[in-house]
Amino acid sequence: MKVLDVPYVRIMSYAILEDDRGRALADQKKEERFRRLREICARFLDAGITPVHENCFNFGGMSWEHSLEMLAAVPGLKLVFDTGNPGLTPDFRKPFPYPNQDARESYERLREYIVHVHIKDGERDPETGKEQYFFPDEGVCGVATIVEDLLASGYDGDFSIEPHMAVVFHDANVSSSERARFENYLEYGRRFERLLDEVRHRIKK
C-alpha cells in the first residue's frame, strides 16, 4: 500500500452477535471489539495509512449511534460511507423486527468523519429480508441529496460505485452473464456521472 500510495484501508468491526431468531444480543462484547480495532488501526496509522470503517452489517453499522461509539473508542479511525447500506441494514436501536436505517439521518450524523463514499441504492423488506437494488437515486436512499450536500460542504474525496444489481458478492442467488455484469457496471457509472454533473451544476447556480 505504501508503494502504491494507497491512503486508506477499509475495515469492519466484527459480526453482529445474534440469537437463533435473528435478534441482536444485549452483550455485543464491545470492549473486546474496540480493543482489537485499536490494535488493528494502530498498525495502519503507524505506517501512515488511514483505516476507514464501512457502515455495513457489522457492529459499527448497527446504527449511526454505534458508529459514533466505535469512533470515540478507536482513535484515528475514519469512515467510508455507503449511501445504500442504511436502506439495506436494520436499525438495531429500534424494536424487532428492526426497521431499516434512514440514509439521510445516518449521513448527517456521520458526515464529519467521512473520507470516502460508496455509491449504492437499495432497500430491504424488514419482514422478509428481501433486498432490492437500484440505479443511483432511483431507490429510497436519497443519493443525489447526499452527494449534493457532500460537495456543497467541501468534500474533496473520491466516489466509487457498488451496483449490486447484476451480481451480489455475498448472495449466490443473484447471478448473470459476464457481459450483463459488464454492461450494468458501465451503465451504473454513466448514470452516476450524469447525477454528479447535475449536482455540480445546481451547486454553481
# chains A, B, ... in the order shown; residues from 1 in each chain; ligands from 1
>>> residues_around(residues="A:Glu112", least_positions_apart="3", cutoff="12 Å", atoms="only C-alpha atoms", output="list in words")
Leu68, Leu71, Lys78, Leu79, Val80, Phe81, Ser106, Tyr107, Glu108, Arg109, Val115, His116, Asp149, Leu150, Ser153, Gly154 and Tyr155 of chain A
>>> residues_around(residues="stretch 134-140 of chain A", least_positions_apart="5", cutoff="10 Å", atoms="only C-alpha atoms", output="MDAnalysis selection string")
chainID A and resid 83:84 86:87 102:104 119:123 145:146 161:165 184 187:189 191:192 195
>>> write_last_selection(atoms="N, CA, C and O atoms", output="mmCIF file, in the first residue's frame")
data_model
loop_
_atom_site.group_PDB
_atom_site.id
_atom_site.type_symbol
_atom_site.label_atom_id
_atom_site.label_comp_id
_atom_site.auth_asym_id
_atom_site.auth_seq_id
_atom_site.Cartn_x
_atom_site.Cartn_y
_atom_site.Cartn_z
ATOM 1 N N THR A 83 -23.845 4.906 0.602
ATOM 2 C CA THR A 83 -25.139 5.567 0.590
ATOM 3 C C THR A 83 -26.306 4.582 0.634
ATOM 4 O O THR A 83 -27.396 4.926 1.107
ATOM 5 N N GLY A 84 -26.102 3.359 0.140
ATOM 6 C CA GLY A 84 -27.182 2.395 0.078
ATOM 7 C C GLY A 84 -27.332 1.529 1.305
ATOM 8 O O GLY A 84 -28.411 0.976 1.554
ATOM 9 N N PRO A 86 -27.675 2.075 4.578
ATOM 10 C CA PRO A 86 -28.738 2.312 5.572
ATOM 11 C C PRO A 86 -30.090 1.757 5.146
ATOM 12 O O PRO A 86 -30.843 1.236 5.976
ATOM 13 N N GLY A 87 -30.408 1.839 3.856
ATOM 14 C CA GLY A 87 -31.683 1.316 3.374
ATOM 15 C C GLY A 87 -31.749 -0.199 3.341
ATOM 16 O O GLY A 87 -32.817 -0.780 3.128
ATOM 17 N N ASP A 102 -32.269 5.110 8.311
ATOM 18 C CA ASP A 102 -32.568 6.244 7.448
ATOM 19 C C ASP A 102 -31.250 6.774 6.879
ATOM 20 O O ASP A 102 -30.368 7.198 7.626
ATOM 21 N N ALA A 103 -31.118 6.748 5.550
ATOM 22 C CA ALA A 103 -29.846 7.100 4.919
ATOM 23 C C ALA A 103 -29.449 8.543 5.203
ATOM 24 O O ALA A 103 -28.288 8.831 5.515
ATOM 25 N N ARG A 104 -30.378 9.450 5.074
ATOM 26 C CA ARG A 104 -30.052 10.863 5.288
ATOM 27 C C ARG A 104 -29.667 11.126 6.731
ATOM 28 O O ARG A 104 -28.693 11.844 7.020
ATOM 29 N N ILE A 119 -21.131 4.563 -3.718
ATOM 30 C CA ILE A 119 -22.448 4.883 -4.262
ATOM 31 C C ILE A 119 -23.235 3.594 -4.497
ATOM 32 O O ILE A 119 -22.833 2.737 -5.290
ATOM 33 N N LYS A 120 -24.322 3.470 -3.774
ATOM 34 C CA LYS A 120 -25.229 2.332 -3.911
ATOM 35 C C LYS A 120 -26.621 2.814 -3.536
ATOM 36 O O LYS A 120 -26.771 3.816 -2.834
ATOM 37 N N ASP A 121 -27.646 2.147 -4.012
ATOM 38 C CA ASP A 121 -29.017 2.498 -3.657
ATOM 39 C C ASP A 121 -29.809 1.198 -3.545
ATOM 40 O O ASP A 121 -29.808 0.385 -4.470
ATOM 41 N N GLY A 122 -30.458 1.007 -2.420
ATOM 42 C CA GLY A 122 -31.179 -0.244 -2.227
ATOM 43 C C GLY A 122 -32.143 -0.166 -1.068
ATOM 44 O O GLY A 122 -32.163 0.793 -0.303
ATOM 45 N N GLU A 123 -32.945 -1.212 -0.932
ATOM 46 C CA GLU A 123 -33.948 -1.265 0.121
ATOM 47 C C GLU A 123 -34.175 -2.717 0.529
ATOM 48 O O GLU A 123 -34.186 -3.606 -0.315
ATOM 49 N N THR A 145 -29.218 13.870 -2.984
ATOM 50 C CA THR A 145 -29.180 14.890 -1.936
ATOM 51 C C THR A 145 -27.952 14.726 -1.048
ATOM 52 O O THR A 145 -27.379 15.715 -0.587
ATOM 53 N N ILE A 146 -27.545 13.477 -0.817
ATOM 54 C CA ILE A 146 -26.341 13.236 -0.015
ATOM 55 C C ILE A 146 -25.105 13.717 -0.760
ATOM 56 O O ILE A 146 -24.238 14.410 -0.197
ATOM 57 N N ILE A 161 -18.387 3.193 -7.193
ATOM 58 C CA ILE A 161 -19.730 2.661 -7.388
ATOM 59 C C ILE A 161 -19.787 1.191 -6.996
ATOM 60 O O ILE A 161 -18.826 0.456 -7.160
ATOM 61 N N GLU A 162 -20.934 0.806 -6.443
ATOM 62 C CA GLU A 162 -21.129 -0.578 -5.985
ATOM 63 C C GLU A 162 -22.552 -0.999 -6.343
ATOM 64 O O GLU A 162 -23.432 -1.023 -5.488
ATOM 65 N N PRO A 163 -22.803 -1.312 -7.625
ATOM 66 C CA PRO A 163 -24.173 -1.515 -8.089
ATOM 67 C C PRO A 163 -24.968 -2.609 -7.371
ATOM 68 O O PRO A 163 -26.123 -2.396 -6.998
ATOM 69 N N HIS A 164 -24.382 -3.813 -7.222
ATOM 70 C CA HIS A 164 -25.086 -4.957 -6.618
ATOM 71 C C HIS A 164 -26.318 -5.367 -7.419
ATOM 72 O O HIS A 164 -27.191 -6.061 -6.890
ATOM 73 N N MET A 165 -26.424 -4.937 -8.662
ATOM 74 C CA MET A 165 -27.652 -5.190 -9.428
ATOM 75 C C MET A 165 -27.578 -6.475 -10.247
ATOM 76 O O MET A 165 -28.502 -7.275 -10.231
ATOM 77 N N ASN A 184 -23.999 -3.611 -17.039
ATOM 78 C CA ASN A 184 -24.642 -2.981 -15.892
ATOM 79 C C ASN A 184 -23.688 -2.037 -15.174
ATOM 80 O O ASN A 184 -24.065 -0.926 -14.774
ATOM 81 N N GLU A 187 -23.293 1.113 -17.288
ATOM 82 C CA GLU A 187 -24.494 1.949 -17.226
ATOM 83 C C GLU A 187 -24.614 2.622 -15.864
ATOM 84 O O GLU A 187 -24.998 3.793 -15.766
ATOM 85 N N TYR A 188 -24.283 1.901 -14.822
ATOM 86 C CA TYR A 188 -24.332 2.466 -13.479
ATOM 87 C C TYR A 188 -23.366 3.644 -13.368
ATOM 88 O O TYR A 188 -23.707 4.701 -12.833
ATOM 89 N N GLY A 189 -22.164 3.446 -13.892
ATOM 90 C CA GLY A 189 -21.171 4.512 -13.856
ATOM 91 C C GLY A 189 -21.606 5.726 -14.654
ATOM 92 O O GLY A 189 -21.432 6.876 -14.209
ATOM 93 N N ARG A 191 -24.665 6.666 -15.346
ATOM 94 C CA ARG A 191 -25.763 7.346 -14.651
ATOM 95 C C ARG A 191 -25.253 8.146 -13.456
ATOM 96 O O ARG A 191 -25.754 9.248 -13.184
ATOM 97 N N PHE A 192 -24.276 7.599 -12.756
ATOM 98 C CA PHE A 192 -23.744 8.370 -11.625
ATOM 99 C C PHE A 192 -22.974 9.590 -12.114
ATOM 100 O O PHE A 192 -23.035 10.653 -11.486
ATOM 101 N N LEU A 195 -25.549 12.150 -12.765
ATOM 102 C CA LEU A 195 -26.034 12.673 -11.479
ATOM 103 C C LEU A 195 -25.033 13.659 -10.894
ATOM 104 O O LEU A 195 -25.400 14.737 -10.411
#
>>> select_by_dssp(residues="stretch 75-173 of chain A", states="strand (DSSP E or B)", output="list in words")
Lys78, Leu79, Val80, Phe81, Asp82, Pro90, Asn100, Ile114, Val115, His116, Val117, His118, Ile119, Gly122, Glu123, Arg124, Glu131, Gln132, Tyr133, Phe159, Ser160, Ile161, Val168 and Asp171 of chain A
>>> residues_around(residues="A:Ala73", least_positions_apart="2", cutoff="12 Å", atoms="only C-alpha atoms", output="PDB file with all heavy atoms, in the first residue's frame")
ATOM      1  N   LYS A  30     -18.438  -5.299  23.365  1.00  0.00           N
ATOM      2  CA  LYS A  30     -17.902  -4.068  22.796  1.00  0.00           C
ATOM      3  C   LYS A  30     -16.443  -3.814  23.170  1.00  0.00           C
ATOM      4  O   LYS A  30     -15.642  -3.429  22.313  1.00  0.00           O
ATOM      5  CB  LYS A  30     -18.764  -2.874  23.223  1.00  0.00           C
ATOM      6  CG  LYS A  30     -20.146  -2.875  22.602  1.00  0.00           C
ATOM      7  CD  LYS A  30     -20.887  -1.575  22.884  1.00  0.00           C
ATOM      8  CE  LYS A  30     -21.208  -1.426  24.349  1.00  0.00           C
ATOM      9  NZ  LYS A  30     -22.067  -0.242  24.589  1.00  0.00           N
ATOM     10  N   GLU A  31     -16.122  -4.006  24.426  1.00  0.00           N
ATOM     11  CA  GLU A  31     -14.754  -3.673  24.844  1.00  0.00           C
ATOM     12  C   GLU A  31     -13.721  -4.538  24.134  1.00  0.00           C
ATOM     13  O   GLU A  31     -12.643  -4.070  23.781  1.00  0.00           O
ATOM     14  CB  GLU A  31     -14.625  -3.786  26.366  1.00  0.00           C
ATOM     15  CG  GLU A  31     -15.419  -2.727  27.108  1.00  0.00           C
ATOM     16  CD  GLU A  31     -15.159  -1.319  26.572  1.00  0.00           C
ATOM     17  OE1 GLU A  31     -13.979  -0.962  26.382  1.00  0.00           O
ATOM     18  OE2 GLU A  31     -16.145  -0.588  26.326  1.00  0.00           O
ATOM     19  N   GLU A  32     -14.047  -5.806  23.909  1.00  0.00           N
ATOM     20  CA  GLU A  32     -13.116  -6.671  23.182  1.00  0.00           C
ATOM     21  C   GLU A  32     -13.043  -6.259  21.714  1.00  0.00           C
ATOM     22  O   GLU A  32     -11.965  -6.257  21.114  1.00  0.00           O
ATOM     23  CB  GLU A  32     -13.542  -8.128  23.299  1.00  0.00           C
ATOM     24  CG  GLU A  32     -12.664  -9.110  22.525  1.00  0.00           C
ATOM     25  CD  GLU A  32     -11.206  -9.124  22.970  1.00  0.00           C
ATOM     26  OE1 GLU A  32     -10.898  -8.601  24.074  1.00  0.00           O
ATOM     27  OE2 GLU A  32     -10.366  -9.651  22.213  1.00  0.00           O
ATOM     28  N   ARG A  33     -14.156  -5.902  21.131  1.00  0.00           N
ATOM     29  CA  ARG A  33     -14.152  -5.390  19.751  1.00  0.00           C
ATOM     30  C   ARG A  33     -13.250  -4.159  19.646  1.00  0.00           C
ATOM     31  O   ARG A  33     -12.416  -4.055  18.741  1.00  0.00           O
ATOM     32  CB  ARG A  33     -15.567  -4.978  19.327  1.00  0.00           C
ATOM     33  CG  ARG A  33     -16.545  -6.100  19.110  1.00  0.00           C
ATOM     34  CD  ARG A  33     -17.906  -5.510  18.766  1.00  0.00           C
ATOM     35  NE  ARG A  33     -18.947  -6.515  18.747  1.00  0.00           N
ATOM     36  CZ  ARG A  33     -19.309  -7.191  17.679  1.00  0.00           C
ATOM     37  NH1 ARG A  33     -18.704  -6.961  16.529  1.00  0.00           N
ATOM     38  NH2 ARG A  33     -20.278  -8.084  17.736  1.00  0.00           N
ATOM     39  N   PHE A  34     -13.481  -3.219  20.547  1.00  0.00           N
ATOM     40  CA  PHE A  34     -12.737  -1.964  20.477  1.00  0.00           C
ATOM     41  C   PHE A  34     -11.251  -2.193  20.722  1.00  0.00           C
ATOM     42  O   PHE A  34     -10.402  -1.544  20.099  1.00  0.00           O
ATOM     43  CB  PHE A  34     -13.296  -0.964  21.491  1.00  0.00           C
ATOM     44  CG  PHE A  34     -14.733  -0.581  21.257  1.00  0.00           C
ATOM     45  CD1 PHE A  34     -15.522  -0.104  22.294  1.00  0.00           C
ATOM     46  CD2 PHE A  34     -15.308  -0.711  19.997  1.00  0.00           C
ATOM     47  CE1 PHE A  34     -16.841   0.255  22.086  1.00  0.00           C
ATOM     48  CE2 PHE A  34     -16.637  -0.355  19.763  1.00  0.00           C
ATOM     49  CZ  PHE A  34     -17.410   0.128  20.817  1.00  0.00           C
ATOM     50  N   ARG A  35     -10.926  -3.110  21.628  1.00  0.00           N
ATOM     51  CA  ARG A  35      -9.511  -3.410  21.885  1.00  0.00           C
ATOM     52  C   ARG A  35      -8.850  -3.938  20.623  1.00  0.00           C
ATOM     53  O   ARG A  35      -7.749  -3.510  20.265  1.00  0.00           O
ATOM     54  CB  ARG A  35      -9.388  -4.444  23.008  1.00  0.00           C
ATOM     55  CG  ARG A  35      -7.945  -4.744  23.402  1.00  0.00           C
ATOM     56  CD  ARG A  35      -7.830  -5.977  24.274  1.00  0.00           C
ATOM     57  NE  ARG A  35      -8.149  -7.202  23.542  1.00  0.00           N
ATOM     58  CZ  ARG A  35      -7.300  -7.800  22.696  1.00  0.00           C
ATOM     59  NH1 ARG A  35      -6.103  -7.285  22.458  1.00  0.00           N
ATOM     60  NH2 ARG A  35      -7.660  -8.917  22.080  1.00  0.00           N
ATOM     61  N   ARG A  36      -9.512  -4.849  19.946  1.00  0.00           N
ATOM     62  CA  ARG A  36      -8.952  -5.412  18.714  1.00  0.00           C
ATOM     63  C   ARG A  36      -8.854  -4.359  17.616  1.00  0.00           C
ATOM     64  O   ARG A  36      -7.863  -4.301  16.880  1.00  0.00           O
ATOM     65  CB  ARG A  36      -9.814  -6.577  18.243  1.00  0.00           C
ATOM     66  CG  ARG A  36      -9.808  -7.769  19.176  1.00  0.00           C
ATOM     67  CD  ARG A  36     -10.602  -8.922  18.591  1.00  0.00           C
ATOM     68  NE  ARG A  36     -10.670 -10.050  19.515  1.00  0.00           N
ATOM     69  CZ  ARG A  36     -11.041 -11.267  19.168  1.00  0.00           C
ATOM     70  NH1 ARG A  36     -11.391 -11.515  17.916  1.00  0.00           N
ATOM     71  NH2 ARG A  36     -11.084 -12.240  20.056  1.00  0.00           N
ATOM     72  N   LEU A  37      -9.883  -3.526  17.498  1.00  0.00           N
ATOM     73  CA  LEU A  37      -9.866  -2.486  16.475  1.00  0.00           C
ATOM     74  C   LEU A  37      -8.749  -1.476  16.725  1.00  0.00           C
ATOM     75  O   LEU A  37      -8.100  -1.002  15.780  1.00  0.00           O
ATOM     76  CB  LEU A  37     -11.222  -1.769  16.424  1.00  0.00           C
ATOM     77  CG  LEU A  37     -12.371  -2.569  15.821  1.00  0.00           C
ATOM     78  CD1 LEU A  37     -13.698  -1.857  16.060  1.00  0.00           C
ATOM     79  CD2 LEU A  37     -12.152  -2.798  14.332  1.00  0.00           C
ATOM     80  N   ARG A  38      -8.523  -1.133  17.982  1.00  0.00           N
ATOM     81  CA  ARG A  38      -7.424  -0.205  18.289  1.00  0.00           C
ATOM     82  C   ARG A  38      -6.080  -0.788  17.870  1.00  0.00           C
ATOM     83  O   ARG A  38      -5.213  -0.078  17.344  1.00  0.00           O
ATOM     84  CB  ARG A  38      -7.424   0.147  19.786  1.00  0.00           C
ATOM     85  CG  ARG A  38      -8.502   1.133  20.185  1.00  0.00           C
ATOM     86  CD  ARG A  38      -8.282   1.666  21.589  1.00  0.00           C
ATOM     87  NE  ARG A  38      -8.479   0.646  22.596  1.00  0.00           N
ATOM     88  CZ  ARG A  38      -9.634   0.405  23.221  1.00  0.00           C
ATOM     89  NH1 ARG A  38     -10.714   1.112  22.905  1.00  0.00           N
ATOM     90  NH2 ARG A  38      -9.724  -0.524  24.144  1.00  0.00           N
ATOM     91  N   GLU A  39      -5.903  -2.076  18.084  1.00  0.00           N
ATOM     92  CA  GLU A  39      -4.658  -2.740  17.700  1.00  0.00           C
ATOM     93  C   GLU A  39      -4.506  -2.746  16.176  1.00  0.00           C
ATOM     94  O   GLU A  39      -3.437  -2.440  15.637  1.00  0.00           O
ATOM     95  CB  GLU A  39      -4.646  -4.167  18.240  1.00  0.00           C
ATOM     96  CG  GLU A  39      -3.474  -5.019  17.788  1.00  0.00           C
ATOM     97  CD  GLU A  39      -2.126  -4.519  18.295  1.00  0.00           C
ATOM     98  OE1 GLU A  39      -2.096  -3.842  19.343  1.00  0.00           O
ATOM     99  OE2 GLU A  39      -1.099  -4.805  17.642  1.00  0.00           O
ATOM    100  N   CYS A  41      -6.012  -0.765  13.947  1.00  0.00           N
ATOM    101  CA  CYS A  41      -5.868   0.594  13.419  1.00  0.00           C
ATOM    102  C   CYS A  41      -4.496   1.177  13.707  1.00  0.00           C
ATOM    103  O   CYS A  41      -3.935   1.900  12.864  1.00  0.00           O
ATOM    104  CB  CYS A  41      -6.960   1.490  14.001  1.00  0.00           C
ATOM    105  SG  CYS A  41      -8.607   1.097  13.361  1.00  0.00           S
ATOM    106  N   GLY A  60     -20.260  -1.675  13.924  1.00  0.00           N
ATOM    107  CA  GLY A  60     -20.263  -0.241  13.643  1.00  0.00           C
ATOM    108  C   GLY A  60     -21.359   0.196  12.703  1.00  0.00           C
ATOM    109  O   GLY A  60     -21.649   1.387  12.591  1.00  0.00           O
ATOM    110  N   HIS A  66     -24.049   3.508  17.037  1.00  0.00           N
ATOM    111  CA  HIS A  66     -22.993   2.511  17.207  1.00  0.00           C
ATOM    112  C   HIS A  66     -21.709   2.981  16.527  1.00  0.00           C
ATOM    113  O   HIS A  66     -20.602   2.789  17.046  1.00  0.00           O
ATOM    114  CB  HIS A  66     -23.435   1.161  16.624  1.00  0.00           C
ATOM    115  CG  HIS A  66     -24.483   0.460  17.427  1.00  0.00           C
ATOM    116  ND1 HIS A  66     -25.826   0.771  17.337  1.00  0.00           N
ATOM    117  CD2 HIS A  66     -24.387  -0.549  18.334  1.00  0.00           C
ATOM    118  CE1 HIS A  66     -26.509  -0.005  18.168  1.00  0.00           C
ATOM    119  NE2 HIS A  66     -25.667  -0.816  18.773  1.00  0.00           N
ATOM    120  N   SER A  67     -21.854   3.610  15.360  1.00  0.00           N
ATOM    121  CA  SER A  67     -20.680   4.129  14.656  1.00  0.00           C
ATOM    122  C   SER A  67     -19.966   5.176  15.504  1.00  0.00           C
ATOM    123  O   SER A  67     -18.737   5.150  15.638  1.00  0.00           O
ATOM    124  CB  SER A  67     -21.080   4.756  13.314  1.00  0.00           C
ATOM    125  OG  SER A  67     -21.519   3.786  12.399  1.00  0.00           O
ATOM    126  N   LEU A  68     -20.715   6.102  16.069  1.00  0.00           N
ATOM    127  CA  LEU A  68     -20.104   7.158  16.872  1.00  0.00           C
ATOM    128  C   LEU A  68     -19.446   6.598  18.130  1.00  0.00           C
ATOM    129  O   LEU A  68     -18.369   7.056  18.539  1.00  0.00           O
ATOM    130  CB  LEU A  68     -21.154   8.199  17.253  1.00  0.00           C
ATOM    131  CG  LEU A  68     -21.707   9.054  16.103  1.00  0.00           C
ATOM    132  CD1 LEU A  68     -22.774  10.019  16.621  1.00  0.00           C
ATOM    133  CD2 LEU A  68     -20.591   9.829  15.412  1.00  0.00           C
ATOM    134  N   GLU A  69     -20.079   5.605  18.744  1.00  0.00           N
ATOM    135  CA  GLU A  69     -19.488   4.974  19.926  1.00  0.00           C
ATOM    136  C   GLU A  69     -18.164   4.306  19.568  1.00  0.00           C
ATOM    137  O   GLU A  69     -17.173   4.414  20.298  1.00  0.00           O
ATOM    138  CB  GLU A  69     -20.454   3.945  20.508  1.00  0.00           C
ATOM    139  CG  GLU A  69     -19.949   3.293  21.784  1.00  0.00           C
ATOM    140  CD  GLU A  69     -20.935   2.299  22.368  1.00  0.00           C
ATOM    141  OE1 GLU A  69     -21.921   1.941  21.684  1.00  0.00           O
ATOM    142  OE2 GLU A  69     -20.714   1.852  23.521  1.00  0.00           O
ATOM    143  N   MET A  70     -18.129   3.649  18.430  1.00  0.00           N
ATOM    144  CA  MET A  70     -16.904   2.992  17.972  1.00  0.00           C
ATOM    145  C   MET A  70     -15.821   4.017  17.659  1.00  0.00           C
ATOM    146  O   MET A  70     -14.654   3.855  18.054  1.00  0.00           O
ATOM    147  CB  MET A  70     -17.218   2.155  16.737  1.00  0.00           C
ATOM    148  CG  MET A  70     -16.005   1.493  16.096  1.00  0.00           C
ATOM    149  SD  MET A  70     -16.471   0.742  14.513  1.00  0.00           S
ATOM    150  CE  MET A  70     -16.957   2.215  13.582  1.00  0.00           C
ATOM    151  N   LEU A  71     -16.175   5.092  16.971  1.00  0.00           N
ATOM    152  CA  LEU A  71     -15.192   6.123  16.624  1.00  0.00           C
ATOM    153  C   LEU A  71     -14.596   6.751  17.876  1.00  0.00           C
ATOM    154  O   LEU A  71     -13.396   7.049  17.917  1.00  0.00           O
ATOM    155  CB  LEU A  71     -15.857   7.202  15.763  1.00  0.00           C
ATOM    156  CG  LEU A  71     -16.199   6.789  14.326  1.00  0.00           C
ATOM    157  CD1 LEU A  71     -17.126   7.816  13.697  1.00  0.00           C
ATOM    158  CD2 LEU A  71     -14.941   6.623  13.491  1.00  0.00           C
ATOM    159  N   PRO A  75      -9.223   5.693  18.369  1.00  0.00           N
ATOM    160  CA  PRO A  75      -8.598   6.911  17.834  1.00  0.00           C
ATOM    161  C   PRO A  75      -8.032   6.711  16.431  1.00  0.00           C
ATOM    162  O   PRO A  75      -7.453   5.666  16.130  1.00  0.00           O
ATOM    163  CB  PRO A  75      -7.467   7.184  18.837  1.00  0.00           C
ATOM    164  CG  PRO A  75      -7.901   6.502  20.099  1.00  0.00           C
ATOM    165  CD  PRO A  75      -8.630   5.272  19.647  1.00  0.00           C
ATOM    166  N   GLY A  76      -8.226   7.698  15.575  1.00  0.00           N
ATOM    167  CA  GLY A  76      -7.661   7.669  14.238  1.00  0.00           C
ATOM    168  C   GLY A  76      -8.525   6.999  13.198  1.00  0.00           C
ATOM    169  O   GLY A  76      -8.250   7.083  12.001  1.00  0.00           O
ATOM    170  N   LEU A  77      -9.597   6.317  13.622  1.00  0.00           N
ATOM    171  CA  LEU A  77     -10.473   5.631  12.681  1.00  0.00           C
ATOM    172  C   LEU A  77     -11.401   6.634  11.996  1.00  0.00           C
ATOM    173  O   LEU A  77     -11.941   7.533  12.637  1.00  0.00           O
ATOM    174  CB  LEU A  77     -11.306   4.582  13.418  1.00  0.00           C
ATOM    175  CG  LEU A  77     -12.280   3.730  12.592  1.00  0.00           C
ATOM    176  CD1 LEU A  77     -11.536   2.912  11.541  1.00  0.00           C
ATOM    177  CD2 LEU A  77     -13.075   2.800  13.513  1.00  0.00           C
ATOM    178  N   LYS A  78     -11.565   6.508  10.680  1.00  0.00           N
ATOM    179  CA  LYS A  78     -12.481   7.337   9.904  1.00  0.00           C
ATOM    180  C   LYS A  78     -13.521   6.444   9.242  1.00  0.00           C
ATOM    181  O   LYS A  78     -13.562   5.243   9.481  1.00  0.00           O
ATOM    182  CB  LYS A  78     -11.719   8.148   8.858  1.00  0.00           C
ATOM    183  CG  LYS A  78     -10.675   9.089   9.436  1.00  0.00           C
ATOM    184  CD  LYS A  78     -11.302  10.183  10.279  1.00  0.00           C
ATOM    185  CE  LYS A  78     -10.260  11.161  10.787  1.00  0.00           C
ATOM    186  NZ  LYS A  78     -10.870  12.201  11.662  1.00  0.00           N
TER     187      LYS A  78
END
>>> closest_atom_pairs(of="stretch 65-182 of chain A", to="stretch 12-29 of chain A", cutoff="9 Å", atoms="only C-alpha atoms", output="JSON lines")
{"residue": "A:Met70", "atom": "CA", "partner": "A:Ser13", "partner_atom": "CA", "distance": 8.7}
{"residue": "A:Phe92", "atom": "CA", "partner": "A:Ala24", "partner_atom": "CA", "distance": 7.4}
{"residue": "A:Phe96", "atom": "CA", "partner": "A:Arg23", "partner_atom": "CA", "distance": 7.0}
{"residue": "A:Pro97", "atom": "CA", "partner": "A:Arg23", "partner_atom": "CA", "distance": 8.1}
{"residue": "A:Tyr98", "atom": "CA", "partner": "A:Arg23", "partner_atom": "CA", "distance": 8.7}
>>> residues_around(residues="A:Gly48", least_positions_apart="6", cutoff="12 Å", atoms="only C-alpha atoms", output="PDB file with C-alpha atoms, in the first residue's frame")
ATOM      1  CA  MET A   1       0.000   0.000   0.000  1.00  0.00           C
ATOM      2  CA  LYS A   2       2.855   2.401   0.718  1.00  0.00           C
ATOM      3  CA  VAL A   3       4.480   1.604  -2.633  1.00  0.00           C
ATOM      4  CA  ASP A   5       0.474   5.384  -2.378  1.00  0.00           C
ATOM      5  CA  VAL A   6      -2.857   3.990  -1.140  1.00  0.00           C
ATOM      6  CA  PRO A   7      -4.118   6.326   1.615  1.00  0.00           C
ATOM      7  CA  TYR A   8      -6.994   4.282   3.049  1.00  0.00           C
ATOM      8  CA  VAL A   9      -7.732   0.706   4.048  1.00  0.00           C
ATOM      9  CA  CYS A  41      -5.868   0.594  13.419  1.00  0.00           C
ATOM     10  CA  ALA A  42      -2.626   1.412  15.211  1.00  0.00           C
ATOM     11  CA  GLY A  76      -7.661   7.669  14.238  1.00  0.00           C
TER      12      GLY A  76
END
>>> select_by_dssp(residues="stretch 6-111 of chain A", states="helix (DSSP H, G or I)", output="number ranges by chain")
A: 30-46, 59-61, 64-73, 85-88, 103-111
>>> closest_residue(among="A:Leu4, A:Ala47, A:Ile40, A:Ile203", to="A:Val147", atoms="only C-alpha atoms")
A:Ile203
>>> closest_residue(among="A:Thr89, A:Lys205, A:Arg10, A:Ser63", to="A:Pro51", atoms="only C-alpha atoms")
A:Arg10
>>> closest_residue(among="A:Asp82, A:Ser176, A:Asn100, A:Arg93", to="A:Glu127", atoms="only C-alpha atoms")
A:Asn100
>>> atom_distance(atom1="atom CA of A:Asp156", atom2="atom CA of A:Phe57")
26.5 Å
>>> atom_distance(atom1="atom CA of A:His53", atom2="atom CA of A:Ala152")
23.3 Å
>>> closest_residue(among="A:Arg194, A:Lys130, A:Arg179, A:His118", to="A:Gly157", atoms="only C-alpha atoms")
A:His118
